[in-house]
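Visitor: Input structure: start.txt, which contains compact mmCIF, C-alpha atoms and all ligand atoms.
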```
# COMPACT_ATOMS: atom_id res chain seq x y z
CA MET A 1 59.77 106.41 137.04
CA ASN A 2 63.31 105.04 136.89
CA ARG A 3 64.58 108.37 137.97
CA PHE A 4 62.78 107.99 141.26
CA VAL A 5 63.84 104.44 141.86
CA ARG A 6 67.47 105.26 141.10
CA HIS A 7 67.60 108.54 142.93
CA TRP A 8 66.51 109.73 146.28
CA VAL A 9 63.15 111.39 146.49
CA HIS A 10 62.20 114.35 148.62
CA CYS A 11 59.05 114.64 150.45
CA PHE A 12 56.65 116.14 152.81
CA VAL A 13 56.16 114.44 156.12
CA ALA A 14 52.99 115.03 158.03
CA SER A 15 54.38 116.90 161.00
CA LEU A 16 52.09 115.22 163.50
CA ILE A 17 53.69 111.89 162.74
CA LEU A 18 57.12 113.38 162.82
CA VAL A 19 57.16 115.54 165.91
CA PRO A 20 58.33 112.96 168.49
CA THR A 21 60.98 111.51 166.20
CA LEU A 22 62.36 114.88 165.22
CA ALA A 23 62.28 116.33 168.66
CA SER A 24 64.43 113.50 169.94
CA ALA A 25 66.74 113.66 166.91
CA ILE A 26 67.36 117.36 167.22
CA GLY A 27 67.40 117.20 170.99
CA ASN A 28 70.52 115.11 170.63
CA ALA A 29 72.07 118.04 168.79
CA GLY A 30 72.83 116.21 165.57
CA ALA A 31 76.06 114.64 164.40
CA ASP A 32 78.65 115.87 166.78
CA GLY A 33 76.63 118.53 168.52
CA ARG A 34 78.17 121.22 166.37
CA PHE A 35 75.47 122.52 164.08
CA GLU A 36 76.75 125.75 162.56
CA ARG A 37 74.09 128.46 162.40
CA ARG A 38 73.92 131.18 159.77
CA ASP A 39 71.05 133.51 158.85
CA SER A 40 69.87 135.20 155.70
CA PHE A 41 66.79 137.37 155.26
CA HIS A 42 64.25 134.53 154.90
CA PHE A 43 66.17 131.53 156.26
CA THR A 44 68.03 130.21 159.26
CA LEU A 45 70.49 127.54 158.23
CA PHE A 46 71.90 124.88 160.53
CA GLN A 47 74.51 122.67 158.98
CA ASP A 48 76.43 119.71 160.26
CA VAL A 49 78.15 118.41 157.15
CA ASP A 50 81.55 116.96 157.89
CA LEU A 51 83.71 119.69 156.31
CA ASP A 52 87.35 119.79 157.37
CA GLU A 53 87.94 123.53 157.22
CA SER A 54 85.88 126.58 158.00
CA GLY A 55 87.59 129.05 155.65
CA GLY A 56 88.43 128.91 151.95
CA LEU A 57 86.48 127.74 148.92
CA ARG A 58 85.98 124.24 150.32
CA GLY A 59 85.26 125.45 153.81
CA SER A 60 82.05 125.50 155.78
CA ARG A 61 81.49 129.27 155.70
CA HIS A 62 81.57 129.34 151.91
CA PHE A 63 79.27 126.29 151.79
CA GLU A 64 76.76 127.90 154.15
CA GLN A 65 76.79 131.16 152.20
CA GLN A 66 76.22 129.30 148.93
CA VAL A 67 73.32 127.30 150.36
CA LEU A 68 71.71 130.51 151.67
CA ASN A 69 72.24 132.27 148.32
CA ARG A 70 70.52 129.39 146.54
CA LEU A 71 67.68 129.43 149.05
CA GLU A 72 67.13 133.19 148.63
CA GLY A 73 67.18 132.71 144.84
CA ALA A 74 64.61 129.92 145.22
CA TYR A 75 62.49 132.20 147.42
CA ASP A 76 62.42 134.89 144.71
CA LEU A 77 61.53 132.34 142.05
CA LEU A 78 58.78 130.90 144.25
CA ASP A 79 57.34 134.39 144.52
CA SER A 80 57.50 135.09 140.80
CA LEU A 81 56.26 131.68 139.59
CA LEU A 82 53.79 130.68 142.28
CA SER A 83 53.14 133.95 144.17
CA LEU A 84 54.06 132.24 147.44
CA ARG A 85 55.95 134.43 149.93
CA PRO A 86 56.28 132.76 153.32
CA GLU A 87 56.53 135.52 155.91
CA ARG A 88 58.07 133.73 158.83
CA LYS A 89 61.68 132.69 158.71
CA ILE A 90 62.19 129.12 157.49
CA GLU A 91 64.61 126.82 159.29
CA VAL A 92 66.78 124.61 157.13
CA TYR A 93 68.87 121.73 158.52
CA VAL A 94 71.60 120.33 156.30
CA TRP A 95 72.60 117.04 157.89
CA ASP A 96 75.69 114.98 157.47
CA ALA A 97 74.56 112.26 155.03
CA GLN A 98 75.41 109.31 157.28
CA ILE A 99 73.71 110.81 160.26
CA PHE A 100 70.67 111.72 158.17
CA ASP A 101 70.41 108.08 157.06
CA ALA A 102 70.89 106.73 160.55
CA ARG A 103 68.28 109.03 162.06
CA PHE A 104 65.61 109.30 159.41
CA ALA A 105 65.74 106.25 157.13
CA GLY A 106 63.05 104.58 159.25
CA LEU A 107 60.55 107.33 158.40
CA PHE A 108 60.29 106.22 154.78
CA ARG A 109 60.03 102.98 152.88
CA PHE A 110 62.17 104.56 150.14
CA PRO A 111 65.43 106.54 150.36
CA ALA A 112 64.78 110.25 150.92
CA ALA A 113 67.04 113.15 149.92
CA GLY A 114 65.26 115.50 152.25
CA PHE A 115 61.91 116.17 153.82
CA TYR A 116 59.86 118.92 155.32
CA GLY A 117 58.36 118.52 158.76
CA GLY A 118 58.04 121.98 160.32
CA ALA A 119 61.59 122.73 159.10
CA ILE A 120 63.42 121.71 155.95
CA HIS A 121 65.75 118.74 156.46
CA ILE A 122 68.30 117.94 153.78
CA ARG A 123 70.60 114.97 153.39
CA GLY A 124 73.78 117.00 152.99
CA GLU A 125 76.60 116.84 150.53
CA GLU A 126 80.01 118.41 150.84
CA GLN A 127 79.39 120.76 147.95
CA VAL A 128 76.44 122.65 146.56
CA THR A 129 75.61 120.16 143.80
CA GLY A 130 72.77 120.36 141.29
CA ARG A 131 71.00 117.65 143.25
CA LEU A 132 71.26 119.63 146.48
CA VAL A 133 69.86 122.72 144.75
CA ARG A 134 66.92 120.72 143.38
CA VAL A 135 66.07 119.40 146.83
CA LEU A 136 66.20 122.92 148.30
CA HIS A 137 63.70 124.14 145.69
CA HIS A 138 61.45 121.13 146.24
CA GLU A 139 61.33 121.39 150.03
CA LEU A 140 60.79 125.14 149.89
CA VAL A 141 57.39 124.53 148.26
CA HIS A 142 56.33 122.33 151.20
CA ALA A 143 57.58 124.96 153.64
CA ALA A 144 55.69 127.69 151.77
CA PHE A 145 52.37 125.80 151.74
CA ASP A 146 52.79 125.07 155.44
CA ALA A 147 53.51 128.73 156.17
CA GLU A 148 50.52 129.97 154.12
CA ALA A 149 48.07 127.40 155.50
CA PRO A 150 49.52 125.86 158.66
CA ARG A 151 46.68 123.56 159.60
CA LEU A 152 45.59 122.64 156.09
CA SER A 153 46.33 119.04 155.14
CA LEU A 154 46.94 119.07 151.40
CA PRO A 155 46.67 115.88 149.37
CA ALA A 156 50.11 114.55 148.44
CA TRP A 157 49.34 114.78 144.72
CA MET A 158 49.10 118.56 145.10
CA ASN A 159 51.89 119.10 147.65
CA GLU A 160 54.37 116.78 145.89
CA GLY A 161 53.14 117.58 142.39
CA VAL A 162 53.68 121.32 142.79
CA ALA A 163 57.04 120.73 144.55
CA GLU A 164 58.23 118.47 141.71
CA TRP A 165 56.94 120.90 139.10
CA PHE A 166 58.64 123.90 140.76
CA GLU A 167 61.90 121.98 141.16
CA ALA A 168 61.88 120.99 137.48
CA ARG A 169 60.84 124.48 136.34
CA ALA A 170 63.64 126.04 138.42
CA MET A 171 66.11 123.84 136.53
CA GLY A 172 64.73 125.15 133.23
CA LYS A 173 62.73 122.02 132.47
CA ARG A 174 59.32 122.40 130.88
CA GLY A 175 57.21 119.32 130.36
CA LEU A 176 57.97 115.67 131.03
CA SER A 177 61.16 114.07 129.76
CA LYS A 178 61.00 111.19 127.29
CA GLY A 179 61.90 108.78 130.12
CA GLU A 180 59.08 110.12 132.29
CA GLN A 181 56.59 109.88 129.41
CA ASN A 182 57.67 106.28 128.79
CA ALA A 183 57.31 105.37 132.46
CA LEU A 184 53.76 106.76 132.46
CA ALA A 185 52.94 105.00 129.19
CA ASN A 186 54.09 101.73 130.79
CA ALA A 187 51.92 102.36 133.82
CA VAL A 188 48.95 102.99 131.51
CA ARG A 189 49.59 99.75 129.60
CA GLN A 190 49.81 97.79 132.84
CA GLY A 191 46.70 99.44 134.23
CA ALA A 192 48.87 100.61 137.14
CA LEU A 193 48.00 104.33 137.16
CA PHE A 194 46.81 105.65 140.48
CA SER A 195 43.62 107.65 140.78
CA LEU A 196 43.83 111.10 142.38
CA ALA A 197 41.97 109.59 145.32
CA ASP A 198 44.78 107.03 145.73
CA LEU A 199 47.26 109.92 145.91
CA SER A 200 45.31 111.99 148.41
CA ALA A 201 46.98 110.96 151.69
CA PRO A 202 49.06 113.79 153.21
CA SER A 203 52.29 112.10 152.10
CA PHE A 204 53.67 109.11 150.18
CA GLN A 205 55.98 108.07 153.01
CA ALA A 206 54.19 104.73 153.46
CA PHE A 207 54.44 103.84 149.75
CA ALA A 208 56.84 101.06 148.70
CA PRO A 209 59.75 102.31 146.54
CA LYS A 210 58.29 101.46 143.14
CA ALA A 211 54.83 102.73 143.99
CA ALA A 212 56.35 105.90 145.47
CA GLY A 213 58.24 106.47 142.21
CA LEU A 214 55.04 106.29 140.22
CA ALA A 215 53.12 108.36 142.77
CA TYR A 216 55.65 111.23 142.59
CA LEU A 217 55.83 111.04 138.82
CA GLN A 218 52.07 110.99 138.39
CA SER A 219 51.59 113.92 140.78
CA TYR A 220 54.16 115.93 138.85
CA ALA A 221 52.59 114.88 135.54
CA PHE A 222 49.13 115.98 136.71
CA ILE A 223 50.37 119.45 137.70
CA ASP A 224 52.32 119.67 134.45
CA TYR A 225 49.14 118.70 132.55
CA LEU A 226 47.23 121.52 134.30
CA VAL A 227 49.96 123.99 133.33
CA GLN A 228 50.18 122.79 129.72
CA ALA A 229 46.41 122.82 129.29
CA HIS A 230 45.56 126.00 131.22
CA GLY A 231 48.75 127.98 131.87
CA GLU A 232 50.89 128.85 134.85
CA ARG A 233 48.63 131.67 136.00
CA ASP A 234 45.72 129.29 136.58
CA LEU A 235 47.97 127.11 138.74
CA VAL A 236 48.73 130.16 140.90
CA GLN A 237 45.01 130.83 141.15
CA PHE A 238 44.28 127.19 142.00
CA ASN A 239 46.90 127.15 144.79
CA SER A 240 45.72 130.38 146.33
CA ALA A 241 42.06 129.32 146.07
CA VAL A 242 42.89 126.04 147.86
CA ILE A 243 44.67 127.97 150.61
CA ARG A 244 41.83 130.49 150.96
CA SER A 245 38.80 128.25 150.58
CA ARG A 246 40.42 125.07 152.00
CA SER A 247 38.41 123.20 149.40
CA LEU A 248 39.98 121.51 146.38
CA GLU A 249 36.61 121.36 144.63
CA ARG A 250 35.89 125.06 145.06
CA ALA A 251 39.43 125.90 143.98
CA ALA A 252 39.19 123.70 140.86
CA ARG A 253 35.94 125.36 139.81
CA ARG A 254 37.33 128.81 140.48
CA ALA A 255 40.65 128.37 138.66
CA TYR A 256 39.64 125.89 135.95
CA ARG A 257 35.86 126.27 135.75
CA GLN A 258 35.42 122.51 136.06
CA ASP A 259 35.43 119.98 138.87
CA LEU A 260 38.40 117.89 139.93
CA GLU A 261 36.90 114.76 138.43
CA SER A 262 36.74 116.24 134.95
CA LEU A 263 40.30 117.62 135.30
CA GLU A 264 41.41 114.10 136.20
CA ARG A 265 39.50 112.67 133.22
CA GLY A 266 41.29 115.16 130.93
CA PHE A 267 44.65 114.14 132.40
CA ARG A 268 43.97 110.43 131.89
CA ARG A 269 42.82 111.09 128.33
CA SER A 270 46.08 113.00 127.69
CA LEU A 271 47.93 109.81 128.69
CA GLY A 272 45.86 107.74 126.28
CA VAL A 273 43.69 106.04 128.90
CA ARG A 274 40.41 104.92 127.38
CA SER A 275 37.70 105.23 129.98
ZN ZN A 301 58.26 116.46 148.66
```
Using the file provided, produce a representation of the structure as structure tokens.
Ligand SMILES: [Zn+2]

Guide:
Amino acid sequence: MNRFVRHWVHCFVASLILVPTLASAIGNAGADGRFERRDSFHFTLFQDVDLDESGGLRGSRHFEQQVLNRLEGAYDLLDSLLSLRPERKIEVYVWDAQIFDARFAGLFRFPAAGFYGGAIHIRGEEQVTGRLVRVLHHELVHAAFDAEAPRLSLPAWMNEGVAEWFEARAMGKRGLSKGEQNALANAVRQGALFSLADLSAPSFQAFAPKAAGLAYLQSYAFIDYLVQAHGERDLVQFNSAVIRSRSLERAARRAYRQDLESLERGFRRSLGVRS
């Protein structure tokens, strides 16, 4: 959980809540009104990071090209790992960090590194860092679910859990780190674990920082548990059954041949919870 308290988290924002705020933010044309636009096959990138030059290795053109290359790589990985292939072009805004904070901090009770609300919004950095790449992978999952099932409100444990899992998997991580396992063990000892029902709002944006940290971690841990216990292919089947049937229960029975409640019981048992 420390990871989430220390670092910025990335999230999904229910677009209905966001529309007025975003419309006014983007209507003002961002930082200095000079969003650079660049397209790749699946993405349209707008970036407003305060870079001094346009050419050269530290210039904005190189930065934009690198971000788009990473996004296209993430798109291919999303297809091969999760069989998600959003058809429509995805818009990605990379904001100057200060302007991002000034405009969007009020949306969350915790610091956010990026969010998805009809388009991907990233708190920019001046270089393509590992952190930036992680956020791009994470937000792409939200964008893909939204593209595949536009009016389907997924529970945050699924939307954030799959995004966290994909982000970690893209970085070559399989399974929870020792620190993450310890944080969960602490939550179990303190009786602080959330139920899936607690994590079923469309987003965690109203959660206080510490609770949000645990909520993200637990959502990731639940998806990781499903993968460890049943394999990656069943997760693909679960996701596509949710999108098709719009029912978590039907999807759980189809992919895992059990109901959500018994999957949750198995997860809690795996954490040593005695019920
Ligand atoms: Zn997210």

Visitor: Set out as JSON lines a contact list for region 180-206 of chain A and region 214-224 of chain A with a cut-off of 10 Å, giving each residue of region 180-206 of chain A that qualifies its closest atom pair and distance in Å to one decimal, counting only C-alpha atoms, ordered by chain and rising residue number.

Guide:
```
{"residue": "A:Glu180", "atom": "CA", "partner": "A:Leu217", "partner_atom": "CA", "distance": 7.4}
{"residue": "A:Gln181", "atom": "CA", "partner": "A:Ala221", "partner_atom": "CA", "distance": 8.9}
{"residue": "A:Ala183", "atom": "CA", "partner": "A:Leu214", "partner_atom": "CA", "distance": 8.1}
{"residue": "A:Leu184", "atom": "CA", "partner": "A:Gln218", "partner_atom": "CA", "distance": 7.5}
{"residue": "A:Ala187", "atom": "CA", "partner": "A:Leu214", "partner_atom": "CA", "distance": 8.1}
{"residue": "A:Ala192", "atom": "CA", "partner": "A:Leu214", "partner_atom": "CA", "distance": 8.9}
{"residue": "A:Leu193", "atom": "CA", "partner": "A:Gln218", "partner_atom": "CA", "distance": 7.9}
{"residue": "A:Phe194", "atom": "CA", "partner": "A:Ala215", "partner_atom": "CA", "distance": 7.2}
{"residue": "A:Ser195", "atom": "CA", "partner": "A:Gln218", "partner_atom": "CA", "distance": 9.4}
{"residue": "A:Leu196", "atom": "CA", "partner": "A:Ser219", "partner_atom": "CA", "distance": 8.4}
{"residue": "A:Asp198", "atom": "CA", "partner": "A:Ala215", "partner_atom": "CA", "distance": 8.9}
{"residue": "A:Leu199", "atom": "CA", "partner": "A:Ala215", "partner_atom": "CA", "distance": 6.8}
{"residue": "A:Phe204", "atom": "CA", "partner": "A:Ala215", "partner_atom": "CA", "distance": 7.5}
```

Visitor: For ligand ZN 301 (chain A), list the contacting residues at 12 Å or closer, counting only C-alpha atoms and all ligand atoms, as a VMD selection string.

Guide: chain A and resid 8 to 14 112 to 117 120 to 122 134 to 145 154 to 167 202 to 205 212 to 213 215 to 217 219 to 220

Visitor: Could you write out that same residue set with C-alpha atoms as a compact mmCIF listing (two decimals), keeping the file's coordinate frame?

Guide:
```txt
# COMPACT_ATOMS: atom_id res chain seq x y z
CA TRP A 8 66.51 109.73 146.28
CA VAL A 9 63.15 111.39 146.49
CA HIS A 10 62.20 114.35 148.62
CA CYS A 11 59.05 114.64 150.45
CA PHE A 12 56.65 116.14 152.81
CA VAL A 13 56.16 114.44 156.12
CA ALA A 14 52.99 115.03 158.03
CA ALA A 112 64.78 110.25 150.92
CA ALA A 113 67.04 113.15 149.92
CA GLY A 114 65.26 115.50 152.25
CA PHE A 115 61.91 116.17 153.82
CA TYR A 116 59.86 118.92 155.32
CA GLY A 117 58.36 118.52 158.76
CA ILE A 120 63.42 121.71 155.95
CA HIS A 121 65.75 118.74 156.46
CA ILE A 122 68.30 117.94 153.78
CA ARG A 134 66.92 120.72 143.38
CA VAL A 135 66.07 119.40 146.83
CA LEU A 136 66.20 122.92 148.30
CA HIS A 137 63.70 124.14 145.69
CA HIS A 138 61.45 121.13 146.24
CA GLU A 139 61.33 121.39 150.03
CA LEU A 140 60.79 125.14 149.89
CA VAL A 141 57.39 124.53 148.26
CA HIS A 142 56.33 122.33 151.20
CA ALA A 143 57.58 124.96 153.64
CA ALA A 144 55.69 127.69 151.77
CA PHE A 145 52.37 125.80 151.74
CA LEU A 154 46.94 119.07 151.40
CA PRO A 155 46.67 115.88 149.37
CA ALA A 156 50.11 114.55 148.44
CA TRP A 157 49.34 114.78 144.72
CA MET A 158 49.10 118.56 145.10
CA ASN A 159 51.89 119.10 147.65
CA GLU A 160 54.37 116.78 145.89
CA GLY A 161 53.14 117.58 142.39
CA VAL A 162 53.68 121.32 142.79
CA ALA A 163 57.04 120.73 144.55
CA GLU A 164 58.23 118.47 141.71
CA TRP A 165 56.94 120.90 139.10
CA PHE A 166 58.64 123.90 140.76
CA GLU A 167 61.90 121.98 141.16
CA PRO A 202 49.06 113.79 153.21
CA SER A 203 52.29 112.10 152.10
CA PHE A 204 53.67 109.11 150.18
CA GLN A 205 55.98 108.07 153.01
CA ALA A 212 56.35 105.90 145.47
CA GLY A 213 58.24 106.47 142.21
CA ALA A 215 53.12 108.36 142.77
CA TYR A 216 55.65 111.23 142.59
CA LEU A 217 55.83 111.04 138.82
CA SER A 219 51.59 113.92 140.78
CA TYR A 220 54.16 115.93 138.85
```

Visitor: Can you list every residue of region 165-255 of chain A that has an atom at most 10 Å from region 71-91 of chain A, with its nearest atom pair and the distance in Å to one decimal, using all atoms listed in the file, ordered by chain then number, as JSON lines?

Guide:
```
{"residue": "A:Phe166", "atom": "CA", "partner": "A:Leu78", "partner_atom": "CA", "distance": 7.8}
{"residue": "A:Glu167", "atom": "CA", "partner": "A:Ala74", "partner_atom": "CA", "distance": 9.3}
{"residue": "A:Arg169", "atom": "CA", "partner": "A:Leu81", "partner_atom": "CA", "distance": 9.1}
{"residue": "A:Ala170", "atom": "CA", "partner": "A:Leu77", "partner_atom": "CA", "distance": 7.6}
{"residue": "A:Glu232", "atom": "CA", "partner": "A:Leu81", "partner_atom": "CA", "distance": 7.7}
{"residue": "A:Arg233", "atom": "CA", "partner": "A:Leu82", "partner_atom": "CA", "distance": 8.2}
{"residue": "A:Asp234", "atom": "CA", "partner": "A:Leu82", "partner_atom": "CA", "distance": 10.0}
{"residue": "A:Leu235", "atom": "CA", "partner": "A:Leu82", "partner_atom": "CA", "distance": 7.7}
{"residue": "A:Val236", "atom": "CA", "partner": "A:Leu82", "partner_atom": "CA", "distance": 5.3}
{"residue": "A:Gln237", "atom": "CA", "partner": "A:Leu82", "partner_atom": "CA", "distance": 8.9}
{"residue": "A:Asn239", "atom": "CA", "partner": "A:Leu82", "partner_atom": "CA", "distance": 8.1}
{"residue": "A:Ser240", "atom": "CA", "partner": "A:Ser83", "partner_atom": "CA", "distance": 8.5}
```

Visitor: Which is closest to Val242 (chain A) among A:Leu226, A:Ala149, A:Val92, A:Ala208, if we use all atoms listed in the file?

Guide: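 Checking each of A:Leu226, A:Ala149, A:Val92, A:Ala208 against Val242 (chain A), counting all atoms listed in the file, the winner is A:Ala149.
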
Visitor: Write out as number ranges by chain each polymer residue whose atoms come within 9 Å of Leu45 (chain A), counting only C-alpha atoms; drop sequence neighbours fewer than 5 positions from it.

Guide: A: 36-40, 64, 67-68, 90-94

Visitor: At a cut-off of 12 Å, using all atoms listed in the file, what residues contact Gly266 (chain A)? Leave out same-chain residues fewer than 6 positions from it and give the result as a PyMOL selection string.

Guide: chain A and resi 222+225-226+228-230+256+258-260+272-275

Visitor: Could you work out how far CA of Leu132 (chain A) lies from CA of Phe104 (chain A), giving the answer in Å with one decimal?

Guide: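 Separating CA of Phe104 (chain A) from CA of Leu132 (chain A) is a distance of 17.5 Å.
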